[in-house]
>>> print(open('start-v5.json').read())   # JSON, N, CA and C atoms and all ligand atoms
[["chain", "number", "residue", "atom", "x", "y", "z"],
["A", 1, "MET", "N", 8.61, 10.58, 1.20],
["A", 1, "MET", "CA", 7.47, 10.14, 2.02],
["A", 1, "MET", "C", 6.72, 9.01, 1.33],
["A", 2, "VAL", "N", 6.24, 8.11, 2.14],
["A", 2, "VAL", "CA", 5.42, 7.01, 1.62],
["A", 2, "VAL", "C", 4.13, 6.96, 2.42],
["A", 3, "LYS", "N", 3.16, 6.26, 1.87],
["A", 3, "LYS", "CA", 1.87, 6.20, 2.53],
["A", 3, "LYS", "C", 1.65, 4.83, 3.16],
["A", 4, "ASP", "N", 1.27, 4.87, 4.39],
["A", 4, "ASP", "CA", 0.84, 3.65, 5.06],
["A", 4, "ASP", "C", -0.48, 3.23, 4.42],
["A", 5, "PRO", "N", -0.51, 2.07, 3.73],
["A", 5, "PRO", "CA", -1.72, 1.71, 2.98],
["A", 5, "PRO", "C", -2.91, 1.37, 3.88],
["A", 6, "VAL", "N", -2.65, 1.09, 5.14],
["A", 6, "VAL", "CA", -3.73, 0.69, 6.04],
["A", 6, "VAL", "C", -4.46, 1.89, 6.60],
["A", 7, "CYS", "N", -3.75, 2.83, 7.16],
["A", 7, "CYS", "CA", -4.41, 3.97, 7.81],
["A", 7, "CYS", "C", -4.31, 5.24, 6.97],
["A", 8, "GLY", "N", -3.49, 5.21, 5.92],
["A", 8, "GLY", "CA", -3.40, 6.36, 5.03],
["A", 8, "GLY", "C", -2.46, 7.45, 5.49],
["A", 9, "MET", "N", -1.78, 7.21, 6.59],
["A", 9, "MET", "CA", -0.87, 8.20, 7.13],
["A", 9, "MET", "C", 0.42, 8.28, 6.31],
["A", 10, "GLU", "N", 0.91, 9.48, 6.11],
["A", 10, "GLU", "CA", 2.17, 9.63, 5.40],
["A", 10, "GLU", "C", 3.32, 9.52, 6.39],
["A", 11, "ILE", "N", 4.28, 8.68, 6.02],
["A", 11, "ILE", "CA", 5.41, 8.45, 6.92],
["A", 11, "ILE", "C", 6.71, 8.51, 6.15],
["A", 12, "ASP", "N", 7.74, 8.83, 6.88],
["A", 12, "ASP", "CA", 9.09, 8.81, 6.33],
["A", 12, "ASP", "C", 9.58, 7.36, 6.37],
["A", 13, "LYS", "N", 9.98, 6.84, 5.22],
["A", 13, "LYS", "CA", 10.33, 5.41, 5.22],
["A", 13, "LYS", "C", 11.50, 5.08, 6.13],
["A", 14, "GLU", "N", 12.34, 6.05, 6.38],
["A", 14, "GLU", "CA", 13.44, 5.84, 7.33],
["A", 14, "GLU", "C", 12.92, 5.63, 8.75],
["A", 15, "LYS", "N", 11.76, 6.20, 9.01],
["A", 15, "LYS", "CA", 11.21, 6.15, 10.37],
["A", 15, "LYS", "C", 10.07, 5.16, 10.50],
["A", 16, "ALA", "N", 9.79, 4.44, 9.42],
["A", 16, "ALA", "CA", 8.69, 3.48, 9.48],
["A", 16, "ALA", "C", 8.96, 2.44, 10.56],
["A", 17, "VAL", "N", 7.92, 2.14, 11.32],
["A", 17, "VAL", "CA", 8.07, 1.17, 12.40],
["A", 17, "VAL", "C", 8.13, -0.25, 11.84],
["A", 18, "ALA", "N", 7.40, -0.47, 10.75],
["A", 18, "ALA", "CA", 7.33, -1.81, 10.18],
["A", 18, "ALA", "C", 7.29, -1.71, 8.66],
["A", 19, "GLN", "N", 7.77, -2.73, 8.01],
["A", 19, "GLN", "CA", 7.67, -2.79, 6.56],
["A", 19, "GLN", "C", 7.37, -4.20, 6.12],
["A", 20, "GLN", "N", 6.82, -4.30, 4.92],
["A", 20, "GLN", "CA", 6.41, -5.62, 4.42],
["A", 20, "GLN", "C", 6.55, -5.63, 2.91],
["A", 21, "GLU", "N", 7.14, -6.68, 2.40],
["A", 21, "GLU", "CA", 7.24, -6.80, 0.96],
["A", 21, "GLU", "C", 6.06, -7.63, 0.45],
["A", 22, "HIS", "N", 5.47, -7.16, -0.62],
["A", 22, "HIS", "CA", 4.34, -7.88, -1.19],
["A", 22, "HIS", "C", 4.38, -7.73, -2.70],
["A", 23, "GLU", "N", 4.46, -8.87, -3.40],
["A", 23, "GLU", "CA", 4.51, -8.89, -4.86],
["A", 23, "GLU", "C", 5.54, -7.92, -5.43],
["A", 24, "GLY", "N", 6.71, -7.95, -4.83],
["A", 24, "GLY", "CA", 7.82, -7.16, -5.35],
["A", 24, "GLY", "C", 7.85, -5.71, -4.92],
["A", 25, "GLN", "N", 6.85, -5.28, -4.16],
["A", 25, "GLN", "CA", 6.83, -3.91, -3.69],
["A", 25, "GLN", "C", 6.95, -3.88, -2.18],
["A", 26, "THR", "N", 7.62, -2.87, -1.69],
["A", 26, "THR", "CA", 7.76, -2.76, -0.25],
["A", 26, "THR", "C", 6.78, -1.71, 0.27],
["A", 27, "TYR", "N", 6.05, -2.06, 1.28],
["A", 27, "TYR", "CA", 5.09, -1.16, 1.91],
["A", 27, "TYR", "C", 5.58, -0.82, 3.31],
["A", 28, "TYR", "N", 5.31, 0.41, 3.71],
["A", 28, "TYR", "CA", 5.79, 0.88, 5.02],
["A", 28, "TYR", "C", 4.60, 1.22, 5.90],
["A", 29, "PHE", "N", 4.79, 1.02, 7.18],
["A", 29, "PHE", "CA", 3.69, 1.16, 8.13],
["A", 29, "PHE", "C", 4.10, 1.98, 9.35],
["A", 30, "CYS", "N", 3.12, 2.70, 9.89],
["A", 30, "CYS", "CA", 3.38, 3.53, 11.05],
["A", 30, "CYS", "C", 3.47, 2.70, 12.32],
["A", 31, "SER", "N", 2.90, 1.50, 12.28],
["A", 31, "SER", "CA", 2.89, 0.66, 13.48],
["A", 31, "SER", "C", 2.83, -0.81, 13.08],
["A", 32, "VAL", "N", 3.19, -1.66, 14.04],
["A", 32, "VAL", "CA", 3.14, -3.09, 13.79],
["A", 32, "VAL", "C", 1.69, -3.55, 13.59],
["A", 33, "SER", "N", 0.76, -2.90, 14.26],
["A", 33, "SER", "CA", -0.63, -3.34, 14.11],
["A", 33, "SER", "C", -1.15, -3.03, 12.71],
["A", 34, "CYS", "N", -0.69, -1.92, 12.10],
["A", 34, "CYS", "CA", -1.05, -1.66, 10.71],
["A", 34, "CYS", "C", -0.48, -2.74, 9.79],
["A", 35, "ARG", "N", 0.74, -3.13, 10.04],
["A", 35, "ARG", "CA", 1.34, -4.17, 9.20],
["A", 35, "ARG", "C", 0.58, -5.50, 9.36],
["A", 36, "ASP", "N", 0.17, -5.79, 10.57],
["A", 36, "ASP", "CA", -0.57, -7.03, 10.79],
["A", 36, "ASP", "C", -1.89, -7.04, 10.03],
["A", 37, "LYS", "N", -2.54, -5.88, 10.00],
["A", 37, "LYS", "CA", -3.80, -5.78, 9.25],
["A", 37, "LYS", "C", -3.54, -5.98, 7.76],
["A", 38, "PHE", "N", -2.47, -5.37, 7.27],
["A", 38, "PHE", "CA", -2.11, -5.53, 5.87],
["A", 38, "PHE", "C", -1.84, -6.99, 5.55],
["A", 39, "ASN", "N", -1.10, -7.65, 6.41],
["A", 39, "ASN", "CA", -0.77, -9.06, 6.19],
["A", 39, "ASN", "C", -2.00, -9.94, 6.16],
["A", 40, "ALA", "N", -3.00, -9.56, 6.91],
["A", 40, "ALA", "CA", -4.22, -10.37, 6.97],
["A", 40, "ALA", "C", -4.98, -10.32, 5.64],
["A", 41, "ALA", "N", -4.91, -9.18, 4.95],
["A", 41, "ALA", "CA", -5.66, -9.04, 3.69],
["A", 41, "ALA", "C", -5.01, -7.99, 2.81],
["A", 42, "PRO", "N", -3.81, -8.28, 2.28],
["A", 42, "PRO", "CA", -3.08, -7.26, 1.51],
["A", 42, "PRO", "C", -3.86, -6.70, 0.32],
["A", 43, "GLN", "N", -4.63, -7.55, -0.35],
["A", 43, "GLN", "CA", -5.36, -7.08, -1.55],
["A", 43, "GLN", "C", -6.33, -5.95, -1.21],
["A", 44, "ASP", "N", -6.96, -6.05, -0.05],
["A", 44, "ASP", "CA", -7.92, -5.03, 0.34],
["A", 44, "ASP", "C", -7.28, -3.65, 0.35],
["A", 45, "TYR", "N", -6.11, -3.57, 0.90],
["A", 45, "TYR", "CA", -5.47, -2.27, 1.06],
["A", 45, "TYR", "C", -4.85, -1.77, -0.23],
["A", 46, "ILE", "N", -4.34, -2.67, -1.03],
["A", 46, "ILE", "CA", -3.75, -2.26, -2.31],
["A", 46, "ILE", "C", -4.84, -1.74, -3.25],
["A", 47, "GLN", "N", -5.98, -2.40, -3.27],
["A", 47, "GLN", "CA", -7.07, -1.96, -4.14],
["A", 47, "GLN", "C", -7.63, -0.63, -3.70],
["A", 48, "ASN", "N", -7.73, -0.43, -2.40],
["A", 48, "ASN", "CA", -8.22, 0.85, -1.89],
["A", 48, "ASN", "C", -7.34, 2.00, -2.36],
["A", 49, "GLN", "N", -6.06, 1.76, -2.37],
["A", 49, "GLN", "CA", -5.11, 2.78, -2.74],
["A", 49, "GLN", "C", -5.23, 3.13, -4.22],
["A", 50, "ALA", "N", -5.55, 2.14, -5.05],
["A", 50, "ALA", "CA", -5.63, 2.35, -6.49],
["A", 50, "ALA", "C", -6.99, 2.90, -6.90],
["A", 51, "GLY", "N", -7.86, 3.12, -5.97],
["A", 51, "GLY", "CA", -9.16, 3.72, -6.27],
["A", 51, "GLY", "C", -10.16, 2.76, -6.89],
["A", 52, "GLY", "N", -10.13, 1.52, -6.47],
["A", 52, "GLY", "CA", -11.14, 0.58, -6.93],
["A", 52, "GLY", "C", -10.73, -0.28, -8.11],
["A", 53, "GLY", "N", -9.59, 0.00, -8.70],
["A", 53, "GLY", "CA", -9.08, -0.84, -9.76],
["A", 53, "GLY", "C", -9.77, -0.68, -11.10],
["A", 54, "ALA", "N", -10.34, 0.50, -11.39],
["A", 54, "ALA", "CA", -11.02, 0.71, -12.66],
["A", 54, "ALA", "C", -10.06, 0.60, -13.83],
["A", 55, "HIS", "N", -8.83, 1.02, -13.63],
["A", 55, "HIS", "CA", -7.84, 0.99, -14.71],
["A", 55, "HIS", "C", -6.76, -0.03, -14.41],
["A", 56, "LYS", "N", -7.18, -1.24, -14.19],
["A", 56, "LYS", "CA", -6.23, -2.27, -13.81],
["A", 56, "LYS", "C", -5.36, -2.72, -14.97],
["A", 57, "GLY", "N", -5.95, -2.82, -16.16],
["A", 57, "GLY", "CA", -5.21, -3.30, -17.32],
["A", 57, "GLY", "C", -4.23, -2.26, -17.83],
["A", 58, "LYS", "N", -3.19, -2.73, -18.49],
["A", 58, "LYS", "CA", -2.23, -1.79, -19.07],
["A", 58, "LYS", "C", -2.63, -1.42, -20.49],
["A", 59, "GLY", "N", -2.18, -0.27, -20.94],
["A", 59, "GLY", "CA", -2.46, 0.14, -22.31],
["A", 59, "GLY", "C", -3.83, 0.73, -22.50],
["A", 60, "GLY", "N", -4.42, 1.28, -21.44],
["A", 60, "GLY", "CA", -5.72, 1.92, -21.56],
["A", 60, "GLY", "C", -5.63, 3.25, -22.29],
["A", 61, "CYS", "N", -6.77, 3.86, -22.52],
["A", 61, "CYS", "CA", -6.82, 5.08, -23.31],
["A", 61, "CYS", "C", -6.13, 6.26, -22.64],
["A", 62, "CYS", "N", -6.18, 6.29, -21.31],
["A", 62, "CYS", "CA", -5.70, 7.49, -20.62],
["A", 62, "CYS", "C", -4.55, 7.22, -19.64],
["A", 63, "CYS", "N", -4.10, 5.97, -19.55],
["A", 63, "CYS", "CA", -3.03, 5.66, -18.61],
["A", 63, "CYS", "C", -1.84, 5.10, -19.37],
["A", 64, "SER", "N", -0.77, 5.82, -19.40],
["A", 64, "SER", "CA", 0.39, 5.30, -20.10],
["A", 64, "SER", "C", 1.48, 4.91, -19.12],
["B", 1, "ZN", "ZN", -0.77, 3.07, 10.03]]
>>> encode(input="start-v5.json", output="structure tokens")
Amino acid sequence: MVKDPVCGMEIDKEKAVAQQEHEGQTYYFCSVSCRDKFNAAPQDYIQNQAGGGAHKGKGGCCCS
């Protein structure tokens, strides 16, 4: 299962209606309209998923 980064819905990647590659990663979407929203502002959705980007850098104290 993968998560649609726009609406947060969990989907089976085999059944994803739309997909989009961004910076080497493939994202899956429940609908074309979700993909269109992602395309309009991919950073917004990626940052939301990471929880605000507090641990963006590598080699932090608690993230290996
Ligand atoms: Zn969606």
>>> residues_near_ligand(input="start-v5.json", ligand="ligand ZN 1 (chain B)", cutoff="5 Å", atoms="all atoms listed in the file", output="VMD selection string")
chain A and resid 7 30 to 31 34
>>> closest_residue(input="start-v5.json", among="A:Lys3, A:Glu10, A:Ala18, A:Tyr45", to="Val32 in chain A", atoms="only N, CA and C atoms")
A:Ala18
>>> closest_residue(input="start-v5.json", among="A:Gln43, A:Lys37, A:Gly8, A:Met1", to="His22 in chain A", atoms="only C-alpha atoms")
A:Gln43
>>> atom_distance(input="start-v5.json", atom1="CA of Phe38 in chain A", atom2="atom N of Thr26 in chain A")
12.6 Å
>>> atom_distance(input="start-v5.json", atom1="atom C of Val6 in chain A", atom2="atom C of Gln20 in chain A")
13.8 Å
